[in-house]
Number of protein chains: 2
Amino acid sequence: MAGEVRQLDDRKLAVLRAIVQDYVGTEEPVGSKALVERHNLGVSPATVRNDMAALEEEGYIHQPHTSAGRIPTDKGYRLFVDKLAEVKPMSAPERRAIRHFLDGAVDLDDVVARTVRLLAQLTRQVAVVQYPSLTRSTVRHIELVALAPAKVMLVLITNTGRVEQRMVDCPGTVGETVLADLRAALNTRAAGRRLPEVPGLLEELPAMFEQADRPTVSTVLATLFETLAEQNEERIMLAGTANLTRFGHDFPLTIQPVLEALEEQVILLRLLGETNDAAMTVRIGRENAYEGLISTSVVSVGYGSGDESVAKLGVIGPTRMDYPGTMGAVRAVARYVGQILAES
Amino acid sequence: MAGEVRQLDDRKLAVLRAIVQDYVGTEEPVGSKALVERHNLGVSPATVRNDMAALEEEGYIHQPHTSAGRIPTDKGYRLFVDKLAEVKPMSAPERRAIRHFLDGAVDLDDVVARTVRLLAQLTRQVAVVQYPSLTRSTVRHIELVALAPAKVMLVLITNTGRVEQRMVDCPGTVGETVLADLRAALNTRAAGRRLPEVPGLLEELPAMFEQADRPTVSTVLATLFETLAEQNEERIMLAGTANLTRFGHDFPLTIQPVLEALEEQVILLRLLGETNDAAMTVRIGRENAYEGLISTSVVSVGYGSGDESVAKLGVIGPTRMDYPGTMGAVRAVARYVGQILAES
DNA sequence: TTCTGGCACTCGTGTGTTCAGAGTGCCAAG
DNA sequence: CTTGGCACTCTGAACACACGAGTGCCAGAA
């Protein structure tokens with residue numbers, strides 16, 4: 001008896017899988033007859049129809065109108081991704097191509113730029129790559145440059161190669177020796193430390209300088225802390241928006257809301273922010289919080305130079321997307337970017 | 001007789017102007033009757049028809065099909081822009097809003113980001129802003145930072161606030177005093193100079209150092225020259241692509257080729273590169289070299305911190321655009337960005 | 001029970017036709 | 001040179017209609 005039930009369920013799942021695959025391929029609602037023709041489920045269309053009715057009853061598929069085929073719902077895609085799909089690994093030549101393409105990068109900007117283009121090409125969708133985040137990275141070096149008697153430039157270099165600079169207007173003239181002392185003190189304490197730790201390590205620093213220099217030291221420190229804390233400076237790079245036009249049919253009205261969402265860095269950051277660090281995250285249709293993206297799916301994953309993730313990257317496409325292929329590409333690219341970052 | 005001819009021509013021009021204005025407004029081919037109704041040219045539709053026939057004969061307007069109204073050709077828009085249109089100045093509240101919006105910027109990135117968003121909103125089209133170019137700007141400061149015994153970071157700061165950094169792998173260990181001497185020498189010679197001049201000013205620099213240090217000096221100089229010369233590092237920021245969808249009708253097939261063109265920094269740079277520094281440039285339809293943009297027009301102008309232009313900005317939209325309004329917005333924004341840059 | 005073939009029914013899509021309206025070109029008269 | 005009149009053209013909307021893909025249901029077979 002249990003065996004019977006399982007058997008039934010298995011076939012329903014097979015039907016759902018077949019529907020998703022066909023619909024992704026043909027872009028048209030898929031009917032019972034076409035299904036039995038293309039996949040060799042060993043049953044008749046009538047049987048499949050019964051299964052389809054059950055699947056529809058449970059909300060996995062849906063009919064645009066009577067006498068049309070079925071299309072998967074968000075819930076259907078979700079089940080497909082969770083239970084029915086296997087991430088499709090990249091082929092050896094593809095992996096070589098990825099490696100080769102990323103190896104040519106000369107600096108961090110270039111790595112990110114190449115990654116995002118590669119991902120867009122590979123998946124033929126919209127790709128998003130977040131710059132390695134300041135929060136997770138460590139200080140490689142802090143530099144102070146006197147540009148004018150009371151004007152100092154502060155440069156922060158992280159282990160991921162990211163460079164942030166800020167102008168500091170000091171309360172008074174800054175002596176070269178004070179600057180040198182401060183520079184040395186900063187680097188001794190902060191180098192190699194994670195960015196969020198740094199403020200704590202520099203607390204008694206002003207006390208080490210002469211009374212007269214303390215305002216300057218404090219001002220510089222304040223700017224440094226600001227730079228460290230500035231989460232909103234997180235940057236994102238985008239590519240492949242033109243690919244959206246390939247999916248005219250998939251967007252109920254127009255692609256406009258999607259394009260609008262893609263222009264809002266804040267939205268993209270939040271989108272990637274919802275990614276689990278380790279595992280790949282797939283957000284399907286209405287699972288996305290943002291209204292403009294309810295007919296898209298987002299596949300994202302963290303990447304990092306070592307074993308832990310310093311930033312995230314992903315792909316945005318219509319809910320009707322090739323999930324196994326997209327997930328494979330995203331995973332592979334994330335892995336290789338991680339390697340590249342670790343090497344540099 | 002000559003007076004007669006001029007009279008005729010004036011009316012034809014008026015008709016063309018009216019056609020352009022109406023078509024831009026209504027998005028539909030405009031016929032003789034509607035024309036006399038909306039504009040008070042003191043003549044009958046029949047007369048206007050004759051003029052239209054003449055205008056069509058000369059290639060300024062064009063009929064989609066018999067028994068349809070006329071629409072301007074690229075040549076017609078060209079004439080309109082050159083002879084018939086006056087740049088529409090921004091209103092006082094608009095100018096205040098621009099000023100206010102740009103004043104909040106905290107650094108160069110922010111200035112560019114705000115500018116491009118502002119321009120996109122103001123014109124409701126796609127806006128492009130080029131970062132102040134390295135070529136035209138001057139050196140404010142050059143900094144050298146030892147990161148490891150044989151690894152030096154080179155930082156170049158320009159008067160426009162732009163910062164470029166490069167890692168330099170030196171042939172051997174670099175002494176701190178050599179680095180200090182080199183830093184001093186570089187800044188003495190290069191500070192305040194235009195970037196392209198700099199290499200010429202540093203030619204005999206290696207000769208001033210001890211034999212042992214010359215390889216290091218040369219390596220650093222080589223990297224510096226590379227950075228200076230790297231035209232292709234010119235960056236561009238884009239906003240308002242979602243506005244393209246408002247013009248579905250204006251793009252023969254899809255907006256895809258336009259989106260593709262917009263993703264190619266190289267193409268955008270070339271596009272802006274064709275701008276005259278001083279005057280505003282308008283490229284209409286097929287005047288654009290790039291195939292993907294033949295149904296768009298580009299309005300661009302240089303902007304700069306002083307009296308001369310250090311970079312360019314512009315707007316891309318359908319050929320059917322409000323030229324006077326767009327040109328007014330572009331000019332106003334360019335002017336204010338210039339002021340902001342001059343102040344900082 | 002579960003599957004299957006048959007059958008009636010639904011409904012979107014594509015096609016053909018018609019019709020009104022907008023717009024034109026031309027011509028003869030003012 | 002301008003104008004009113006007129007015949008002509010062409011698009012786009014509205015409508016009818018047939019086709020076909022697809023469904024749901026039911027009775028009978030495994």
# chains A, B, ... in the order shown; residues from 1 in each chain; ligands from 1
$ residues_around --residues "DG28 in chain D" --least-positions-apart "6" --cutoff "12 Å" --atoms "only C-alpha atoms (C1' of nucleotides)" --output "NGL selection string"
:C and (3-6)
$ residues_around --residues "DT11 in chain D" --least-positions-apart "3" --cutoff "10 Å" --atoms "only C-alpha atoms (C1' of nucleotides)" --output "PDB file with C-alpha atoms (C1' of nucleotides), in the first residue's frame"
ATOM      1  CA  HIS B  65       2.578  54.747 -46.059  1.00  0.00           C
ATOM      2  CA  THR B  66       0.194  56.442 -48.429  1.00  0.00           C
ATOM      3  CA  SER B  67      -2.675  58.093 -46.649  1.00  0.00           C
ATOM      4  CA  ALA B  68      -0.821  58.544 -43.433  1.00  0.00           C
TER       5      ALA B  68
ATOM      6  C1'  DG C  21     -12.007  57.606 -40.986  1.00  0.00           C
ATOM      7  C1'  DA C  22      -7.939  60.014 -41.806  1.00  0.00           C
TER       8       DA C  22
END
$ closest_residue --among "A:Arg17, A:Arg96, A:Arg49, A:Arg38" --to "chain C" --atoms "only C-alpha atoms (C1' of nucleotides)"
A:Arg49
$ interface_residues --of "chain B" --to "chain C" --cutoff "12 Å" --atoms "only C-alpha atoms (C1' of nucleotides)" --output "PDB file with C-alpha atoms, in the first residue's frame"
ATOM      1  CA  PRO B  29       2.262  60.827 -37.854  1.00  0.00           C
ATOM      2  CA  VAL B  30       0.854  64.305 -38.273  1.00  0.00           C
ATOM      3  CA  GLY B  31      -1.462  65.317 -41.099  1.00  0.00           C
ATOM      4  CA  SER B  32      -2.197  68.614 -42.750  1.00  0.00           C
ATOM      5  CA  LYS B  33      -5.531  69.185 -41.124  1.00  0.00           C
ATOM      6  CA  ALA B  34      -4.406  68.569 -37.560  1.00  0.00           C
ATOM      7  CA  PRO B  45      -4.704  72.482 -45.153  1.00  0.00           C
ATOM      8  CA  ALA B  46      -4.334  72.264 -48.934  1.00  0.00           C
ATOM      9  CA  VAL B  48       0.170  72.937 -46.085  1.00  0.00           C
ATOM     10  CA  ARG B  49      -0.128  69.771 -48.148  1.00  0.00           C
ATOM     11  CA  ASN B  50       1.783  71.427 -50.960  1.00  0.00           C
ATOM     12  CA  MET B  52       4.636  69.037 -47.128  1.00  0.00           C
ATOM     13  CA  ALA B  53       5.049  67.542 -50.573  1.00  0.00           C
ATOM     14  CA  GLN B  63       5.313  59.105 -45.047  1.00  0.00           C
ATOM     15  CA  PRO B  64       5.138  55.680 -43.398  1.00  0.00           C
ATOM     16  CA  HIS B  65       2.578  54.747 -46.059  1.00  0.00           C
ATOM     17  CA  THR B  66       0.194  56.442 -48.429  1.00  0.00           C
ATOM     18  CA  SER B  67      -2.675  58.093 -46.649  1.00  0.00           C
ATOM     19  CA  ALA B  68      -0.821  58.544 -43.433  1.00  0.00           C
ATOM     20  CA  GLY B  69       0.551  61.683 -41.859  1.00  0.00           C
ATOM     21  CA  ARG B  70       4.186  62.700 -42.072  1.00  0.00           C
TER      22      ARG B  70
END
$ atom_distance --atom1 "CA of Thr47 in chain A" --atom2 "CA of Tyr23 in chain A"
19.6 Å
$ calpha_fit_and_write --fixed "chain A" --moving "chain B" --output "short mmCIF file (atom, residue, chain, number, x, y, z; two decimals) with C-alpha atoms, in the first residue's frame"
data_model
loop_
_atom_site.label_atom_id
_atom_site.label_comp_id
_atom_site.auth_asym_id
_atom_site.auth_seq_id
_atom_site.Cartn_x
_atom_site.Cartn_y
_atom_site.Cartn_z
CA MET B 1 -0.35 0.60 0.60
CA ALA B 2 2.44 2.92 1.58
CA GLY B 3 4.34 1.62 -1.38
CA GLU B 4 1.42 2.42 -3.61
CA VAL B 5 1.23 5.97 -2.41
CA ARG B 6 4.92 6.54 -2.84
CA GLN B 7 4.72 5.15 -6.34
CA LEU B 8 2.01 7.62 -7.17
CA ASP B 9 3.91 10.50 -5.73
CA ASP B 10 7.02 9.60 -7.65
CA ARG B 11 5.13 9.73 -10.89
CA LYS B 12 3.53 13.03 -10.06
CA LEU B 13 6.95 14.42 -9.35
CA ALA B 14 8.19 13.06 -12.63
CA VAL B 15 5.31 14.78 -14.36
CA LEU B 16 6.12 18.05 -12.65
CA ARG B 17 9.75 17.74 -13.59
CA ALA B 18 8.78 17.07 -17.19
CA ILE B 19 6.44 20.05 -17.24
CA VAL B 20 9.14 22.36 -15.92
CA GLN B 21 11.72 21.10 -18.37
CA ASP B 22 9.40 21.34 -21.34
CA TYR B 23 8.07 24.73 -20.41
CA VAL B 24 11.53 26.14 -19.91
CA GLY B 25 12.46 24.78 -23.30
CA THR B 26 9.44 25.65 -25.37
CA GLU B 27 8.12 28.71 -23.59
CA GLU B 28 4.60 27.40 -24.17
CA PRO B 29 2.07 25.82 -21.84
CA VAL B 30 2.56 22.08 -22.01
CA GLY B 31 -0.28 19.60 -22.44
CA SER B 32 -0.68 15.98 -21.51
CA LYS B 33 -0.23 14.59 -24.97
CA ALA B 34 2.97 16.43 -25.79
CA LEU B 35 4.30 15.38 -22.42
CA VAL B 36 3.94 11.63 -22.97
CA GLU B 37 5.39 12.00 -26.42
CA ARG B 38 8.54 13.80 -25.37
CA HIS B 39 9.26 11.98 -22.13
CA ASN B 40 8.80 8.29 -21.89
CA LEU B 41 6.69 8.03 -18.79
CA GLY B 42 5.11 4.67 -19.39
CA VAL B 43 1.52 5.86 -19.11
CA SER B 44 -1.22 7.33 -21.25
CA PRO B 45 -2.13 10.99 -21.61
CA ALA B 46 -5.31 10.41 -19.62
CA THR B 47 -3.31 9.26 -16.63
CA VAL B 48 -1.05 12.23 -16.91
CA ARG B 49 -4.13 14.43 -16.99
CA ASN B 50 -5.24 13.01 -13.67
CA ASP B 51 -1.85 13.69 -12.17
CA MET B 52 -1.88 17.17 -13.56
CA ALA B 53 -5.26 17.82 -12.00
CA ALA B 54 -3.83 16.72 -8.67
CA LEU B 55 -0.74 18.89 -9.10
CA GLU B 56 -2.89 21.84 -9.96
CA GLU B 57 -5.08 21.15 -6.94
CA GLU B 58 -2.00 21.45 -4.76
CA GLY B 59 -0.80 24.60 -6.45
CA TYR B 60 2.28 23.39 -8.28
CA ILE B 61 1.03 24.11 -11.75
CA HIS B 62 -1.57 26.34 -13.25
CA GLN B 63 -3.68 26.78 -16.36
CA PRO B 64 -3.65 30.16 -18.11
CA HIS B 65 -7.17 29.36 -19.30
CA THR B 66 -9.38 26.36 -19.84
CA SER B 67 -8.22 24.22 -22.71
CA ALA B 68 -4.65 25.31 -22.48
CA GLY B 69 -1.62 23.43 -21.26
CA ARG B 70 -0.15 23.87 -17.81
CA ILE B 71 2.69 26.06 -16.64
CA PRO B 72 4.55 25.75 -13.36
CA THR B 73 3.75 28.13 -10.52
CA ASP B 74 6.38 29.66 -8.26
CA LYS B 75 5.61 26.84 -5.87
CA GLY B 76 6.16 24.34 -8.66
CA TYR B 77 9.55 25.81 -9.52
CA ARG B 78 10.42 25.78 -5.86
CA LEU B 79 9.72 22.08 -5.59
CA PHE B 80 11.65 21.50 -8.79
CA VAL B 81 14.68 23.33 -7.51
CA ASP B 82 14.57 21.73 -4.08
CA LYS B 83 13.84 18.15 -4.98
CA LEU B 84 13.95 17.48 -8.67
CA ALA B 85 16.84 19.36 -10.15
CA GLU B 86 20.50 18.63 -9.96
CA VAL B 87 22.99 21.41 -10.44
CA LYS B 88 24.49 20.87 -13.85
CA PRO B 89 28.27 20.97 -13.62
CA MET B 90 30.17 22.88 -16.23
CA SER B 91 31.90 20.89 -18.89
CA ALA B 92 35.66 20.76 -18.95
CA PRO B 93 35.99 23.17 -21.91
CA GLU B 94 33.64 25.56 -20.20
CA ARG B 95 35.68 25.43 -17.04
CA ARG B 96 38.81 26.07 -19.01
CA ALA B 97 37.21 29.04 -20.71
CA ILE B 98 36.13 30.52 -17.39
CA ARG B 99 39.56 30.07 -15.94
CA HIS B 100 41.23 31.57 -18.96
CA PHE B 101 38.92 34.54 -19.14
CA LEU B 102 39.34 35.45 -15.49
CA ASP B 103 43.08 34.91 -15.45
CA GLY B 104 43.70 37.93 -17.63
CA ALA B 105 42.47 40.39 -15.01
CA VAL B 106 44.92 43.04 -13.88
CA ASP B 107 43.31 44.50 -10.78
CA LEU B 108 40.24 44.18 -8.59
CA ASP B 109 38.06 46.34 -10.80
CA ASP B 110 39.02 44.21 -13.72
CA VAL B 111 38.31 40.96 -11.88
CA VAL B 112 34.83 42.13 -11.01
CA ALA B 113 34.20 43.49 -14.49
CA ARG B 114 35.31 40.29 -16.15
CA THR B 115 33.36 38.16 -13.74
CA VAL B 116 30.12 39.95 -14.32
CA ARG B 117 30.47 39.85 -18.08
CA LEU B 118 31.40 36.22 -18.02
CA LEU B 119 28.43 35.32 -15.88
CA ALA B 120 26.09 37.26 -18.13
CA GLN B 121 27.40 35.51 -21.22
CA LEU B 122 27.40 32.08 -19.67
CA THR B 123 23.83 32.26 -18.42
CA ARG B 124 22.55 34.64 -21.08
CA GLN B 125 20.85 36.55 -18.31
CA VAL B 126 21.49 39.54 -16.10
CA ALA B 127 24.52 39.09 -13.88
CA VAL B 128 25.33 40.90 -10.64
CA VAL B 129 28.61 40.91 -8.78
CA GLN B 130 29.22 42.61 -5.48
CA TYR B 131 32.66 44.01 -4.81
CA PRO B 132 34.43 42.25 -2.00
CA SER B 133 32.87 43.76 1.06
CA LEU B 134 34.84 45.93 3.42
CA THR B 135 33.23 44.34 6.44
CA ARG B 136 34.60 40.88 5.89
CA SER B 137 38.00 41.81 4.64
CA THR B 138 41.10 42.71 6.57
CA VAL B 139 43.34 45.74 6.60
CA ARG B 140 46.45 45.42 4.50
CA HIS B 141 47.67 48.96 4.90
CA ILE B 142 46.63 52.42 6.00
CA GLU B 143 48.35 55.38 4.43
CA LEU B 144 48.27 59.06 5.35
CA VAL B 145 49.33 61.69 2.86
CA ALA B 146 49.69 65.39 3.59
CA LEU B 147 48.22 67.30 0.69
CA ALA B 148 48.18 70.71 2.31
CA PRO B 149 49.13 72.01 5.77
CA ALA B 150 45.73 71.08 7.19
CA LYS B 151 44.58 68.57 4.62
CA VAL B 152 45.38 64.90 4.81
CA MET B 153 44.37 62.09 2.56
CA LEU B 154 43.54 58.80 4.19
CA VAL B 155 43.94 55.65 2.10
CA LEU B 156 42.72 52.29 3.26
CA ILE B 157 43.87 49.17 1.43
CA THR B 158 42.26 45.81 2.11
CA ASN B 159 43.47 42.31 1.53
CA THR B 160 41.08 41.96 -1.37
CA GLY B 161 42.83 44.77 -3.18
CA ARG B 162 40.13 47.29 -2.62
CA VAL B 163 41.23 50.86 -2.00
CA GLU B 164 39.16 53.52 -0.26
CA GLN B 165 40.29 57.07 0.09
CA ARG B 166 38.98 60.05 2.05
CA MET B 167 40.00 63.63 2.43
CA VAL B 168 40.43 64.78 6.03
CA ASP B 169 40.27 68.43 6.95
CA CYS B 170 42.28 68.75 10.15
CA PRO B 171 41.63 71.33 12.85
CA GLY B 172 45.18 72.70 12.54
CA THR B 173 48.49 72.26 10.74
CA VAL B 174 49.75 68.70 10.84
CA GLY B 175 53.42 68.04 11.42
CA GLU B 176 55.16 65.47 9.28
CA THR B 177 56.46 63.59 12.31
CA VAL B 178 53.04 63.36 13.89
CA LEU B 179 51.73 62.00 10.64
CA ALA B 180 54.53 59.45 10.48
CA ASP B 181 53.94 58.37 14.07
CA LEU B 182 50.23 58.08 13.49
CA ARG B 183 50.75 56.10 10.31
CA ALA B 184 53.06 53.70 12.08
CA ALA B 185 50.72 53.33 15.05
CA LEU B 186 47.74 52.69 12.84
CA ASN B 187 49.45 50.05 10.78
CA THR B 188 50.99 48.27 13.72
CA ARG B 189 47.62 47.86 15.35
CA ALA B 190 45.28 47.42 12.42
CA ALA B 191 47.20 45.56 9.75
CA GLY B 192 45.83 42.08 9.22
CA ARG B 193 42.75 42.75 11.34
CA ARG B 194 39.19 42.55 10.15
CA LEU B 195 37.67 45.91 9.45
CA PRO B 196 34.97 45.87 12.13
CA GLU B 197 37.55 45.01 14.80
CA VAL B 198 39.71 48.00 14.02
CA PRO B 199 37.90 50.77 15.93
CA GLY B 200 38.15 48.77 19.16
CA LEU B 201 41.90 48.40 18.71
CA LEU B 202 42.53 52.11 18.33
CA GLU B 203 40.67 53.46 21.31
CA GLU B 204 43.62 54.63 23.39
CA LEU B 205 45.49 55.98 20.42
CA PRO B 206 44.82 59.70 21.00
CA ALA B 207 46.17 59.40 24.52
CA MET B 208 49.57 58.44 23.12
CA PHE B 209 50.02 61.77 21.39
CA GLU B 210 50.81 65.16 22.79
CA GLN B 211 47.93 67.28 23.92
CA ALA B 212 48.29 69.62 20.93
CA ASP B 213 48.06 66.87 18.35
CA ARG B 214 45.10 65.04 19.78
CA PRO B 215 42.42 66.93 17.85
CA THR B 216 44.15 66.00 14.63
CA VAL B 217 44.49 62.38 15.62
CA SER B 218 40.86 62.24 16.63
CA THR B 219 39.74 63.77 13.36
CA VAL B 220 41.72 61.27 11.34
CA LEU B 221 40.42 58.42 13.43
CA ALA B 222 36.87 59.62 13.04
CA THR B 223 37.20 59.63 9.28
CA LEU B 224 38.81 56.21 9.36
CA PHE B 225 35.96 54.80 11.42
CA GLU B 226 33.47 56.36 9.07
CA THR B 227 35.16 54.72 6.13
CA LEU B 228 35.22 51.41 7.91
CA ALA B 229 31.60 51.62 8.88
CA GLU B 230 30.32 52.82 5.57
CA GLN B 231 28.31 49.81 4.61
CA ASN B 232 26.48 51.77 2.03
CA GLU B 233 29.65 52.21 0.07
CA GLU B 234 29.23 48.63 -1.04
CA ARG B 235 29.43 48.58 -4.76
CA ILE B 236 27.88 46.36 -7.34
CA MET B 237 28.52 45.72 -10.96
CA LEU B 238 25.91 44.66 -13.46
CA ALA B 239 25.93 43.21 -16.95
CA GLY B 240 23.67 41.59 -19.47
CA THR B 241 20.58 43.77 -19.14
CA ALA B 242 20.11 43.41 -22.88
CA ASN B 243 19.37 39.76 -22.24
CA LEU B 244 16.12 40.79 -20.63
CA THR B 245 14.66 41.58 -24.00
CA ARG B 246 14.93 37.92 -24.92
CA PHE B 247 12.15 37.27 -22.45
CA GLY B 248 9.48 39.61 -23.63
CA HIS B 249 6.88 36.91 -23.15
CA ASP B 250 7.85 36.18 -19.61
CA PHE B 251 7.17 39.59 -18.21
CA PRO B 252 3.46 40.24 -17.87
CA LEU B 253 3.55 43.85 -18.98
CA THR B 254 6.99 45.17 -19.73
CA ILE B 255 10.51 44.80 -18.51
CA GLN B 256 10.38 48.33 -17.16
CA PRO B 257 10.00 47.51 -13.46
CA VAL B 258 12.84 45.03 -13.77
CA LEU B 259 15.12 47.60 -15.34
CA GLU B 260 14.16 50.04 -12.65
CA ALA B 261 14.98 47.58 -9.92
CA LEU B 262 18.33 46.86 -11.52
CA GLU B 263 19.25 50.51 -11.38
CA GLU B 264 18.76 50.67 -7.65
CA GLN B 265 21.99 49.55 -6.07
CA VAL B 266 20.20 49.40 -2.77
CA ILE B 267 17.72 46.87 -4.03
CA LEU B 268 20.40 44.74 -5.59
CA LEU B 269 22.42 44.83 -2.42
CA ARG B 270 19.45 43.75 -0.39
CA LEU B 271 18.78 41.02 -2.88
CA LEU B 272 22.29 39.66 -2.57
CA GLY B 273 22.20 40.30 1.14
CA GLU B 274 19.56 37.64 1.53
CA THR B 275 21.95 35.05 0.17
CA ASN B 276 23.25 32.45 2.56
CA ASP B 277 26.97 32.70 2.64
CA ALA B 278 27.82 29.12 1.99
CA ALA B 279 24.97 27.57 0.07
CA MET B 280 23.54 28.75 -3.18
CA THR B 281 20.30 30.64 -2.75
CA VAL B 282 17.48 30.61 -5.25
CA ARG B 283 14.65 33.09 -4.83
CA ILE B 284 11.74 32.41 -7.09
CA GLY B 285 9.16 34.94 -8.22
CA ARG B 286 7.19 36.30 -5.33
CA GLU B 287 9.76 35.07 -2.88
CA ASN B 288 11.61 38.22 -3.84
CA ALA B 289 10.69 41.00 -1.49
CA TYR B 290 10.82 43.68 -4.14
CA GLU B 291 7.67 44.27 -6.13
CA GLY B 292 9.41 44.88 -9.44
CA LEU B 293 11.03 41.49 -9.38
CA ILE B 294 8.05 39.25 -8.72
CA SER B 295 8.31 37.67 -12.13
CA THR B 296 12.02 37.01 -11.86
CA SER B 297 14.18 34.52 -10.07
CA VAL B 298 17.49 35.28 -8.44
CA VAL B 299 20.26 32.72 -8.12
CA SER B 300 23.06 33.88 -5.87
CA VAL B 301 25.97 32.60 -3.87
CA GLY B 302 28.83 33.95 -1.78
CA TYR B 303 32.40 33.91 -2.98
CA GLY B 304 35.63 34.59 -1.19
CA SER B 305 39.35 34.53 -1.37
CA GLY B 306 39.78 31.96 1.33
CA ASP B 307 37.36 29.49 2.78
CA GLU B 308 34.82 32.11 3.69
CA SER B 309 32.75 34.47 1.62
CA VAL B 310 33.63 38.16 1.30
CA ALA B 311 30.95 39.10 -1.18
CA LYS B 312 28.21 37.71 -3.32
CA LEU B 313 27.34 37.30 -6.93
CA GLY B 314 24.36 36.06 -8.81
CA VAL B 315 22.08 36.03 -11.77
CA ILE B 316 18.64 37.49 -12.34
CA GLY B 317 16.30 36.05 -14.92
CA PRO B 318 12.71 35.15 -15.56
CA THR B 319 11.17 32.53 -13.28
CA ARG B 320 11.06 30.41 -16.39
CA MET B 321 14.79 29.81 -16.38
CA ASP B 322 17.08 26.85 -16.76
CA TYR B 323 17.74 26.39 -13.06
CA PRO B 324 20.22 23.52 -13.22
CA GLY B 325 22.32 25.25 -15.86
CA THR B 326 22.18 28.65 -14.21
CA MET B 327 23.06 27.23 -10.82
CA GLY B 328 25.96 25.35 -12.33
CA ALA B 329 27.34 28.46 -13.99
CA VAL B 330 26.92 30.59 -10.87
CA ARG B 331 28.64 28.02 -8.70
CA ALA B 332 31.51 27.55 -11.10
CA VAL B 333 32.13 31.26 -11.56
CA ALA B 334 32.00 31.91 -7.82
CA ARG B 335 34.54 29.18 -7.25
CA TYR B 336 36.98 30.52 -9.81
CA VAL B 337 36.70 34.12 -8.69
CA GLY B 338 37.48 32.92 -5.21
CA GLN B 339 40.64 31.28 -6.50
CA ILE B 340 41.70 34.37 -8.42
CA LEU B 341 41.25 36.53 -5.35
CA ALA B 342 43.20 34.12 -3.19
CA GLU B 343 46.11 34.20 -5.60
CA SER B 344 46.49 37.97 -5.81
#
$ interface_residues --of "chain D" --to "chain B" --cutoff "9 Å" --atoms "only C-alpha atoms (C1' of nucleotides)" --output "PDB file with N, CA and C atoms (P, O5', C5', C4', C3', O3' and C1' of nucleotides), in the first residue's frame"
ATOM      1  P    DT D   2       1.223  80.530 -51.313  1.00  0.00           P
ATOM      2  O5'  DT D   2      -0.358  80.409 -51.240  1.00  0.00           O
ATOM      3  C5'  DT D   2      -1.121  81.591 -50.989  1.00  0.00           C
ATOM      4  C4'  DT D   2      -2.573  81.264 -51.190  1.00  0.00           C
ATOM      5  C3'  DT D   2      -3.118  80.147 -50.296  1.00  0.00           C
ATOM      6  O3'  DT D   2      -4.191  80.659 -49.533  1.00  0.00           O
ATOM      7  C1'  DT D   2      -3.784  79.837 -52.544  1.00  0.00           C
ATOM      8  P    DT D   3      -4.793  79.800 -48.362  1.00  0.00           P
ATOM      9  O5'  DT D   3      -6.065  79.147 -49.021  1.00  0.00           O
ATOM     10  C5'  DT D   3      -7.042  79.993 -49.627  1.00  0.00           C
ATOM     11  C4'  DT D   3      -8.049  79.168 -50.379  1.00  0.00           C
ATOM     12  C3'  DT D   3      -8.600  77.971 -49.605  1.00  0.00           C
ATOM     13  O3'  DT D   3     -10.008  78.085 -49.534  1.00  0.00           O
ATOM     14  C1'  DT D   3      -7.996  77.363 -51.816  1.00  0.00           C
ATOM     15  P    DG D   4     -10.770  77.507 -48.268  1.00  0.00           P
ATOM     16  O5'  DG D   4     -11.888  76.633 -48.977  1.00  0.00           O
ATOM     17  C5'  DG D   4     -12.689  77.219 -49.988  1.00  0.00           C
ATOM     18  C4'  DG D   4     -13.149  76.150 -50.958  1.00  0.00           C
ATOM     19  C3'  DG D   4     -13.761  74.907 -50.304  1.00  0.00           C
ATOM     20  O3'  DG D   4     -15.027  74.666 -50.894  1.00  0.00           O
ATOM     21  C1'  DG D   4     -12.072  74.289 -51.863  1.00  0.00           C
ATOM     22  P    DT D   9      -7.240  53.922 -55.735  1.00  0.00           P
ATOM     23  O5'  DT D   9      -6.431  54.081 -54.386  1.00  0.00           O
ATOM     24  C5'  DT D   9      -5.363  55.034 -54.314  1.00  0.00           C
ATOM     25  C4'  DT D   9      -4.730  54.943 -52.953  1.00  0.00           C
ATOM     26  C3'  DT D   9      -4.595  53.521 -52.433  1.00  0.00           C
ATOM     27  O3'  DT D   9      -3.302  53.374 -51.898  1.00  0.00           O
ATOM     28  C1'  DT D   9      -5.774  54.852 -50.858  1.00  0.00           C
ATOM     29  P    DC D  10      -2.716  51.914 -51.710  1.00  0.00           P
ATOM     30  O5'  DC D  10      -2.745  51.808 -50.128  1.00  0.00           O
ATOM     31  C5'  DC D  10      -2.172  52.861 -49.365  1.00  0.00           C
ATOM     32  C4'  DC D  10      -2.721  52.798 -47.962  1.00  0.00           C
ATOM     33  C3'  DC D  10      -2.756  51.379 -47.397  1.00  0.00           C
ATOM     34  O3'  DC D  10      -1.837  51.311 -46.327  1.00  0.00           O
ATOM     35  C1'  DC D  10      -4.750  52.604 -46.914  1.00  0.00           C
ATOM     36  P    DT D  11      -1.638  49.926 -45.528  1.00  0.00           P
ATOM     37  O5'  DT D  11      -2.187  50.351 -44.094  1.00  0.00           O
ATOM     38  C5'  DT D  11      -1.817  51.630 -43.566  1.00  0.00           C
ATOM     39  C4'  DT D  11      -2.632  51.912 -42.338  1.00  0.00           C
ATOM     40  C3'  DT D  11      -2.659  50.777 -41.315  1.00  0.00           C
ATOM     41  O3'  DT D  11      -2.447  51.317 -40.030  1.00  0.00           O
ATOM     42  C1'  DT D  11      -4.872  51.363 -41.933  1.00  0.00           C
TER      43       DT D  11
END
